[in-house]
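Colleague: Sharing a structure here in structure tokens format.
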Amino acid sequence: QPVVAVVGRPNVGKSTLVNRIIGRRQAVVEDTPGVTRDRVPYDAQWNGRSFTVVDTGGWEPDAKDRAAAIAAQAETAVLTADVVIFVVDAMVGSTDVDEAAVRMLRRSAKPVILVANKTDNSAIELEATSLWSLGLGEPHPVSALHGRGSGELLDAILDALPEAPKIVENRPRGPRRVALVGRPNVGKSSLLNRFSGEERAVVDSVAGTTVDPVDSLVEIGGETWQLVDTAGLRKRVGKASGTEYYASLRTAGAIEAAEVAVVLLDSSEPISEQDQRILTMVVEAGRALVIAFNKWDLVDADRRYYLDKEIDRELRRIPWAIRLNLSAQTGRAVDKLAPALRKALASWETRVPTAQLNQWLTALVQATPHPVRGGRAPKILFATQAGVSPPRFVLFTTAPLDAGYQRFVERKLREEFGFEGSPVEISVRPRK
Ligand code: GDP
């Protein structure tokens with residue numbers, strides 16, 4: 001069922017709006033400075049359609065840790081949402097913080113509905129028209145508290161919801177889109193500067209695709225690539241331009257807009273939670289993944305020993321990611337980047353013919369059948385590949401599979417067909 005995420009500064013009335021949308025008084029906690037709300041989904045209905053509303057919590061620009069915690073929630077919400085409701089306080093108008101948030105939201109490429117909340121009367125409604133300047137289209141004047149405008153808002157939400165899951169597999173022609181991401185100081189700008197000498201002017205339209213002005217067209221390994229959202233990296237405004245919240249929303253947006261992500265890690269430092277969060281974003285967004293261990297020039301035998309242990313422990317869930325050891329500073333192995341990107345993208349777009357897939361599967365289940373459970377063993381009847389980018393497989397079975405056996409099938413699938421650098425989705429459809 002489609003997901004609608006509610007995003008906005010603290011005290012703009014997000015909880016009240018969520019209460020209004022779900023149509024009943026639930027224990028939605030108000031924005032209280034010092035209180036972190038969990039990302040809670042609520043079920044909502046309107047005109048016979050059901051959807052899920054996710055309240056993302058507020059964020060506190062000044063409180064570092066809290067900001068990071070809430071940012072993590074909001075970015076996941078935006079990544080997983082079909083529609084984003086961006087709430088602004090109509091009495092206050094748009095603030096710098098709102099404008100910064102809008103830039104991030106636009107990168108997410110999700111439909112955004114702008115709500116001018118606290119529009120309690122027509123005088124405020126007139127004021128609210130100034131919110132057109134945010135560039136998110138028509139502001140929807142709403143009073144979450146009194147209910148004014150909430151019917152119109154619900155209509156607008158239904159209009160924005162996707163009809164049915166549709167799979168678009170014809171990618172636009174033009175350069176491949178790459179996100180260069182990583183926590184601050186891992187060397188993103190340094191790596192980008194390596195390619196700067198070869199950089200081309202960013203033009204409005206390249207071979208039928210539109211290049212966002214914040215993207216860079218860069219020549220890597222004799223091929224032109226579109227590095228998504230590198231404006232911040234170039235101007236080195238990352239830290240000045242705001243909170244961690246924006247940094248991570250920006251990262252989420254870049255990953256969403258890209259086909260393949262290069263996650264840069266600092267080899268001289270332990271793999272951190274923030275590194276993990278970024279990796280998770282890539283996996284959950286279903287993008288191809290290259291992990292680049294930068295600052296390899298700082299790695300000595302001692303560090304290498306611990307790094308190997310960290311990799312075993314921290315990256316065990318993504319053994320399929322392509323890994324590179326490079327140095328933006330010395331240029332070591334920087335030429336390996338383009339081949340790694342090409343390989344990851346090829347895996348990402350692999351389509352296994354159904355006959356070949358089922359031949360392999362038949363042999364596999366014959367050699368290693370599903371363990372017997374309660375006197376019976378579930379059987380895999382056949383498999384199809386439902387899509388690419390990333391490859392998605394459906395197994396039709398007589399009964400649900402054990403999680404362990406499903407992991408076994410995925411491991412064997414990867415051994416057989418590769419998929420190096422790409423996530424793979426396997427879903428199981430037991431026969432009714
Ligand atoms: P960003 O915040 O990810 O864009 O990181 P920067 O590119 O600004 O790099 C942060 C710091 O790490 C700077 O002092 C760089 O000179 C340094 N740095 C970047 N790459 C390397 C590398 O490969 N080796 C070493 N020793 N230092 C690096």
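We name chains A, B, ... following the order of the structure tokens; residues begin at 1 in each chain, and ligands are numbered from 1 as shown.
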Using only C-alpha atoms and all ligand atoms, find each residue with an atom at most 8 Å away from ligand 1 and format the answer as a compact mmCIF listing (two decimals) with C-alpha atoms, in the first residue's frame.

Modeller:
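Done, and the output landed in selection.txt:
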# COMPACT_ATOMS: atom_id res chain seq x y z
CA VAL A 181 28.65 9.84 -1.22
CA GLY A 182 30.24 9.39 2.19
CA ARG A 183 30.47 11.12 5.52
CA PRO A 184 32.33 14.44 5.78
CA ASN A 185 36.11 14.34 5.27
CA VAL A 186 36.33 10.92 3.67
CA GLY A 187 37.70 12.66 0.59
CA LYS A 188 34.74 13.15 -1.73
CA SER A 189 35.88 16.57 -2.96
CA SER A 190 39.45 15.36 -3.29
CA LEU A 191 38.33 12.48 -5.50
CA LEU A 192 36.09 14.75 -7.54
CA LEU A 233 31.22 19.29 -2.90
CA ARG A 236 32.94 23.34 -0.13
CA GLY A 238 28.98 21.38 3.11
CA LEU A 264 33.63 6.48 0.06
CA ASN A 294 39.96 6.03 0.29
CA LYS A 295 43.17 7.27 1.95
CA TRP A 296 44.74 3.88 1.26
CA ASP A 297 48.11 5.67 1.42
CA LEU A 298 47.61 5.89 5.20
CA LEU A 326 42.34 3.85 -3.58
CA SER A 327 43.86 7.18 -2.71
CA ALA A 328 42.42 10.41 -4.00
CA GLN A 329 45.62 12.06 -2.82
CA THR A 330 48.22 9.91 -4.59
CA GLY A 331 45.95 8.75 -7.39

Colleague: Pick out the residues sitting within 7 Å of segment 390-407 of chain A, and hand them over as a PyMOL selection string; count only C-alpha atoms, and ignore anything fewer than 2 positions along from it in its own chain.

Modeller: chain A and resi 286-287+348-350+370+378-388+409-411+422-431

Colleague: Let's have the selection written as a JSON list (two decimals), in the first residue's frame, with N, CA and C atoms.

Modeller:
[["chain", "number", "residue", "atom", "x", "y", "z"],
["A", 286, "GLY", "N", 18.02, 0.12, -3.64],
["A", 286, "GLY", "CA", 18.22, -0.84, -4.73],
["A", 286, "GLY", "C", 19.16, -0.35, -5.80],
["A", 287, "ARG", "N", 20.19, 0.39, -5.40],
["A", 287, "ARG", "CA", 21.15, 0.89, -6.38],
["A", 287, "ARG", "C", 22.41, 0.02, -6.41],
["A", 348, "TRP", "N", 23.62, -4.90, -12.40],
["A", 348, "TRP", "CA", 22.36, -4.26, -12.00],
["A", 348, "TRP", "C", 21.29, -4.46, -13.07],
["A", 349, "GLU", "N", 21.76, -4.55, -14.34],
["A", 349, "GLU", "CA", 20.82, -4.64, -15.46],
["A", 349, "GLU", "C", 20.74, -6.03, -16.07],
["A", 350, "THR", "N", 21.33, -6.99, -15.38],
["A", 350, "THR", "CA", 21.35, -8.35, -15.92],
["A", 350, "THR", "C", 19.94, -8.96, -15.97],
["A", 370, "HIS", "N", 14.90, -28.52, -0.07],
["A", 370, "HIS", "CA", 14.51, -27.80, 1.15],
["A", 370, "HIS", "C", 14.38, -28.81, 2.29],
["A", 378, "PRO", "N", 8.73, -27.87, 1.58],
["A", 378, "PRO", "CA", 8.19, -26.97, 0.55],
["A", 378, "PRO", "C", 8.96, -27.18, -0.76],
["A", 379, "LYS", "N", 8.26, -27.12, -1.86],
["A", 379, "LYS", "CA", 8.91, -27.29, -3.16],
["A", 379, "LYS", "C", 8.94, -25.96, -3.91],
["A", 380, "ILE", "N", 10.04, -25.70, -4.59],
["A", 380, "ILE", "CA", 10.07, -24.55, -5.48],
["A", 380, "ILE", "C", 9.58, -25.03, -6.84],
["A", 381, "LEU", "N", 8.48, -24.45, -7.32],
["A", 381, "LEU", "CA", 7.90, -24.91, -8.57],
["A", 381, "LEU", "C", 8.63, -24.33, -9.78],
["A", 382, "PHE", "N", 8.80, -23.04, -9.78],
["A", 382, "PHE", "CA", 9.59, -22.40, -10.83],
["A", 382, "PHE", "C", 9.91, -20.97, -10.41],
["A", 383, "ALA", "N", 10.73, -20.32, -11.21],
["A", 383, "ALA", "CA", 11.15, -18.95, -10.90],
["A", 383, "ALA", "C", 11.08, -18.09, -12.14],
["A", 384, "THR", "N", 10.83, -16.81, -11.93],
["A", 384, "THR", "CA", 10.92, -15.87, -13.04],
["A", 384, "THR", "C", 11.69, -14.65, -12.57],
["A", 385, "GLN", "N", 12.26, -13.92, -13.53],
["A", 385, "GLN", "CA", 12.86, -12.65, -13.18],
["A", 385, "GLN", "C", 11.83, -11.57, -13.47],
["A", 386, "ALA", "N", 11.40, -10.90, -12.42],
["A", 386, "ALA", "CA", 10.31, -9.93, -12.56],
["A", 386, "ALA", "C", 10.81, -8.59, -13.07],
["A", 387, "GLY", "N", 12.10, -8.32, -12.91],
["A", 387, "GLY", "CA", 12.59, -7.03, -13.38],
["A", 387, "GLY", "C", 14.08, -6.89, -13.22],
["A", 388, "VAL", "N", 14.58, -5.75, -13.70],
["A", 388, "VAL", "CA", 16.01, -5.44, -13.56],
["A", 388, "VAL", "C", 16.15, -4.09, -12.85],
["A", 409, "VAL", "N", 19.48, -20.02, -1.49],
["A", 409, "VAL", "CA", 19.14, -19.87, -2.90],
["A", 409, "VAL", "C", 19.77, -18.59, -3.46],
["A", 410, "GLU", "N", 19.71, -17.51, -2.66],
["A", 410, "GLU", "CA", 20.30, -16.25, -3.15],
["A", 410, "GLU", "C", 21.80, -16.40, -3.34],
["A", 411, "ARG", "N", 22.45, -17.08, -2.36],
["A", 411, "ARG", "CA", 23.90, -17.23, -2.45],
["A", 411, "ARG", "C", 24.26, -18.01, -3.71],
["A", 422, "SER", "N", 25.70, -5.48, -7.36],
["A", 422, "SER", "CA", 24.27, -5.13, -7.40],
["A", 422, "SER", "C", 23.49, -5.87, -6.33],
["A", 423, "PRO", "N", 22.54, -5.20, -5.70],
["A", 423, "PRO", "CA", 21.62, -5.95, -4.85],
["A", 423, "PRO", "C", 20.73, -6.83, -5.72],
["A", 424, "VAL", "N", 20.20, -7.87, -5.12],
["A", 424, "VAL", "CA", 19.27, -8.76, -5.82],
["A", 424, "VAL", "C", 18.07, -8.96, -4.90],
["A", 425, "GLU", "N", 16.88, -8.86, -5.44],
["A", 425, "GLU", "CA", 15.70, -9.09, -4.61],
["A", 425, "GLU", "C", 15.08, -10.43, -4.97],
["A", 426, "ILE", "N", 14.79, -11.21, -3.94],
["A", 426, "ILE", "CA", 14.09, -12.48, -4.17],
["A", 426, "ILE", "C", 12.82, -12.48, -3.35],
["A", 427, "SER", "N", 11.69, -12.67, -3.99],
["A", 427, "SER", "CA", 10.47, -12.82, -3.21],
["A", 427, "SER", "C", 9.88, -14.21, -3.48],
["A", 428, "VAL", "N", 9.17, -14.70, -2.50],
["A", 428, "VAL", "CA", 8.64, -16.05, -2.57],
["A", 428, "VAL", "C", 7.11, -15.97, -2.63],
["A", 429, "ARG", "N", 6.55, -16.66, -3.60],
["A", 429, "ARG", "CA", 5.08, -16.67, -3.70],
["A", 429, "ARG", "C", 4.56, -18.10, -3.51],
["A", 430, "PRO", "N", 4.11, -18.40, -2.29],
["A", 430, "PRO", "CA", 3.60, -19.75, -2.06],
["A", 430, "PRO", "C", 2.24, -19.90, -2.74],
["A", 431, "ARG", "N", 2.01, -21.09, -3.31],
["A", 431, "ARG", "CA", 0.75, -21.37, -3.98],
["A", 431, "ARG", "C", -0.35, -21.45, -2.93]]

Colleague: Counting only C-alpha atoms, figure out which residue out of A:Gly375, A:Gly222, A:Ala101, A:Val12 gets nearest to Thr119 of chain A.

Modeller: A:Val12

Colleague: For Val4 of chain A, which residue among A:Asn358, A:Asn19, A:Ser133, A:Thr52 is the nearest when counting only C-alpha atoms?

Modeller: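 Closest to Val4 of chain A of all the choices is A:Thr52.
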
Colleague: So which bits of segment 221-420 of chain A end up strand (DSSP E) when you DSSP the backbone, as an NGL selection string?

Modeller: :A and (223-228 or 260-266 or 288-294 or 322-325 or 380-387 or 392-397)

Colleague: Of the candidates A:Leu315, A:Gly221, A:Val84, A:Arg323, which one gets nearest to Arg106 of chain A if we count only C-alpha atoms?

Modeller: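 Once distances to Arg106 of chain A are computed over only C-alpha atoms, the minimum belongs to A:Val84.
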
Colleague: Go through A:Pro111, A:Leu17, A:Val178, A:Leu249 and flag the residue nearest Val218 of chain A, using only C-alpha atoms for the distances.

Modeller: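 Ranked by minimum distance to Val218 of chain A, first place goes to A:Val178.
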
Colleague: Mind pulling up the distance from atom CA of Ala156 of chain A to atom CA of Tyr42 of chain A?

Modeller: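 Those two atoms sit 18.4 Å apart.
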